[in-house]
Amino acid sequence: MPESDSTRIHFLNPTPEFYFAKGTKAFEQSDLPAAIKYLTRAAGLAPKNTLIICQLAICYTENGECEKSNELLSDALKIEYKPYFYYFMANNYAYLANFKQAIYYSRRYLQEKPRGEYAGPARELVAVLEERFEAEQQDEAVKPLVRESTPLERQQQAVVDQVESYVKEGYVDKAVRYLETAMLTETLPIYALELSVLYYRNNRKSEAEALIAGVETAYEGHYLARCHRAISAYYSGDWQLFQSYVTQLEAIYPFTSHEQLQYAIVKTLAKDYEGALAIFTKLNENIGAHRKFYFYVSKAAFYSGNQALADYYWQQFGNYDTTEPYANIWREMSDDNIIEADAQLMFSLLNSTEQADRLMALMLVHLTKNKVEALLFSYHFTPGFFTEMEKGFYADASIITNSKQTLAYKNGGFTKQVALALSAEGCKVTRETIDVYKLLFRFTTEQTEKGIICQEEDQEALVAALLHENQQKMADKLTKRTLIKRFGVTQGQLNKYIKKIQAYK
């Protein structure tokens, strides 16, 4: 007998939308157990749907299960960054009587959405709770409100530790592959930001910039992205841009311990040493226990006047990176007026498009006691960054010596020998003599561009000519006769190179 409509069985294939609708209806009817049941089913069918997760979290809040609610909201933030989740978390902490956390997450929301839907209630919550904790707010500018390690902090640190372990062992390519692979399935911004640093150091600037821009697009005003922008601007010698990021960061409180670490580094670079040290010392050392932490906290401590602490952290840096000597370089660089300590000049010249400027920068790197920062933390000392002439000039930096003995490489070595001889003859590298060195670098650069090899037998005449050009700036005036006698050159040779050098003024 054929089935009638009344006897036909209808199979229901429930969807996330179906259970979400039933869950929200149950919530509106104050049936919290049913709402949680249906919304849990909806979340199981659509685990990446943050609207469902957020509604389920609200149900748990109404049911008095605020810790469970915050776990869900924390998970939702990792899937899709929505600042209003912070406000819901703040309310949960207030219900749990964890007022410090409630203040923190309210402020976090207000920093992201000062005119947002919940801005008014968030400000009211902060105002009420601050009255109860007025004494604790006195040093809030440097005191982290999140003392325990959060799930987000642990995730961030796990990524940083993994990358750091690869880099420390010399496996930079392996670190790059690890991050590139992780980005295929993971949405946490730390992967892209750490990868951008490695791209910079592999002379892949456009790809690095694209990664940071992607994070900024997906997460409006992302704090770590701004920190990376600031640090990049500093080591690119773009001081105006660096200062603009410093100003922006001062208006926003760092969220996680990793954000606090990066902000402390930015403050160190900005020479706000006391402010940086205040943040460093409140961080858990185990959270930031890698060479960046030890290096920058040592610098901040020294220039804040705490030499004992600077020595302690420099020793930790030496223990971490055993290739570096223990001697505390800051003790030898305490005079910020000497040109070897002028990081601003050094990094600006390194980023110049002019060969002579870059050679001048490498001369400063050669002279500075702070080679560590240039070699380990700037974006310059990578295989693809330097020209053949620059490789020849700075042949004692193993990272850039993998080069054949080309004409440019040989001329780079010749240029360095002349520069060192010039310094040994009393023409030390200072702000007053830097133009004389640039005459040398312009001359040998043009020789290289013309395909002319610089001859070793011409070195003495070239040094003498450079000293002659610099004589007005020296205490002891040198006549041509004195120079001819000192260097054993003929008057014709000296005049020839004086004429050559003067052409580059």
# chains A, B, ... in the order shown; residues from 1 in each chain; ligands from 1
call {"tool": "residues_around", "arguments": {"residues": "range 426-440 of chain A", "least_positions_apart": "5", "cutoff": "9 Å", "atoms": "only C-alpha atoms", "output": "list in words"}}
result
Ile338, Ile339, Glu340, Ala356, Asp357, Leu359, Met360, Met363, Leu364, Leu367, Thr415, Val418, Ala419, Ala421, Thr445, Leu462, Val463, Leu466, Leu467, Glu469, Asn470, Lys473, Met474, Ile501, Gln502, Ala503, Tyr504 and Lys505 of chain A
call {"tool": "atom_distance", "arguments": {"atom1": "CA of Leu193 in chain A", "atom2": "CA of Gln243 in chain A"}}
result
20.5 Å
call {"tool": "residues_around", "arguments": {"residues": "range 263-269 of chain A", "least_positions_apart": "4", "cutoff": "10 Å", "atoms": "only C-alpha atoms", "output": "ChimeraX atom specification"}}
result
/A:142,223-224,226-228,230-231,234-235,242-243,245-246,249-250,253-254,257-259,273-280,283,292-293,295-297,299-301,303,343
call {"tool": "write_last_selection", "arguments": {"atoms": "C-alpha atoms", "output": "short mmCIF file (atom, residue, chain, number, x, y, z; two decimals), in the first residue's frame"}}
result
data_model
loop_
_atom_site.label_atom_id
_atom_site.label_comp_id
_atom_site.auth_asym_id
_atom_site.auth_seq_id
_atom_site.Cartn_x
_atom_site.Cartn_y
_atom_site.Cartn_z
CA VAL A 142 54.33 50.53 34.41
CA TYR A 223 49.66 46.47 19.50
CA LEU A 224 52.44 44.05 18.59
CA ARG A 226 52.82 48.71 16.01
CA CYS A 227 55.79 47.64 18.13
CA HIS A 228 57.27 45.82 15.14
CA ALA A 230 58.49 51.06 15.55
CA ILE A 231 61.48 48.73 15.85
CA TYR A 234 64.46 52.55 14.30
CA TYR A 235 66.79 50.08 12.60
CA PHE A 242 60.02 55.84 14.87
CA GLN A 243 59.03 58.77 17.09
CA TYR A 245 55.08 55.12 16.67
CA VAL A 246 56.54 55.80 20.11
CA LEU A 249 52.31 53.33 21.79
CA GLU A 250 52.46 55.63 24.81
CA TYR A 253 48.54 49.96 27.59
CA PRO A 254 50.39 46.73 26.57
CA SER A 257 53.71 39.96 28.71
CA HIS A 258 55.04 39.70 25.15
CA GLU A 259 53.54 43.08 24.30
CA TYR A 273 65.74 53.96 30.01
CA GLU A 274 64.02 54.37 33.37
CA GLY A 275 60.59 53.72 31.88
CA ALA A 276 61.91 50.67 30.04
CA LEU A 277 63.62 49.28 33.14
CA ALA A 278 60.43 49.66 35.17
CA ILE A 279 58.62 47.41 32.68
CA PHE A 280 61.50 44.93 32.32
CA LEU A 283 58.15 41.03 33.76
CA LYS A 292 66.56 40.23 23.38
CA PHE A 293 65.36 40.43 26.96
CA PHE A 295 70.46 42.57 25.99
CA TYR A 296 67.96 45.40 26.21
CA VAL A 297 67.34 45.16 29.96
CA LYS A 299 71.27 48.50 28.37
CA ALA A 300 68.28 50.08 30.14
CA ALA A 301 69.74 49.25 33.55
CA TYR A 303 71.85 54.01 31.40
CA ALA A 343 73.35 54.48 16.49
#
call {"tool": "atom_distance", "arguments": {"atom1": "CA of Ala102 in chain A", "atom2": "CA of Phe27 in chain A"}}
result
24.9 Å
call {"tool": "residues_around", "arguments": {"residues": "Ile452 in chain A", "least_positions_apart": "6", "cutoff": "10 Å", "atoms": "only C-alpha atoms", "output": "number ranges by chain"}}
result
A: 407-408, 411, 444-446
call {"tool": "atom_distance", "arguments": {"atom1": "CA of Ala461 in chain A", "atom2": "CA of Leu494 in chain A"}}
result
5.5 Å
call {"tool": "residues_around", "arguments": {"residues": "Gly23 in chain A", "least_positions_apart": "6", "cutoff": "8 Å", "atoms": "only C-alpha atoms", "output": "JSON, numbers by chain"}}
result
{"A": [34, 35, 36, 37, 38, 39]}
call {"tool": "write_last_selection", "arguments": {"atoms": "N, CA and C atoms", "output": "PDB file, in the first residue's frame"}}
result
ATOM      1  N   ALA A  34      18.365  24.917  28.883  1.00  0.00           N
ATOM      2  CA  ALA A  34      18.042  24.588  27.496  1.00  0.00           C
ATOM      3  C   ALA A  34      18.871  25.441  26.539  1.00  0.00           C
ATOM      4  N   ALA A  35      19.049  26.709  26.874  1.00  0.00           N
ATOM      5  CA  ALA A  35      19.837  27.593  26.022  1.00  0.00           C
ATOM      6  C   ALA A  35      21.269  27.101  25.888  1.00  0.00           C
ATOM      7  N   ILE A  36      21.858  26.704  27.016  1.00  0.00           N
ATOM      8  CA  ILE A  36      23.237  26.199  26.990  1.00  0.00           C
ATOM      9  C   ILE A  36      23.318  24.904  26.191  1.00  0.00           C
ATOM     10  N   LYS A  37      22.304  24.027  26.341  1.00  0.00           N
ATOM     11  CA  LYS A  37      22.304  22.748  25.617  1.00  0.00           C
ATOM     12  C   LYS A  37      22.276  22.982  24.103  1.00  0.00           C
ATOM     13  N   TYR A  38      21.349  23.836  23.655  1.00  0.00           N
ATOM     14  CA  TYR A  38      21.206  24.055  22.214  1.00  0.00           C
ATOM     15  C   TYR A  38      22.408  24.818  21.631  1.00  0.00           C
ATOM     16  N   LEU A  39      22.878  25.806  22.371  1.00  0.00           N
ATOM     17  CA  LEU A  39      24.012  26.588  21.856  1.00  0.00           C
ATOM     18  C   LEU A  39      25.306  25.772  21.851  1.00  0.00           C
TER      19      LEU A  39
END
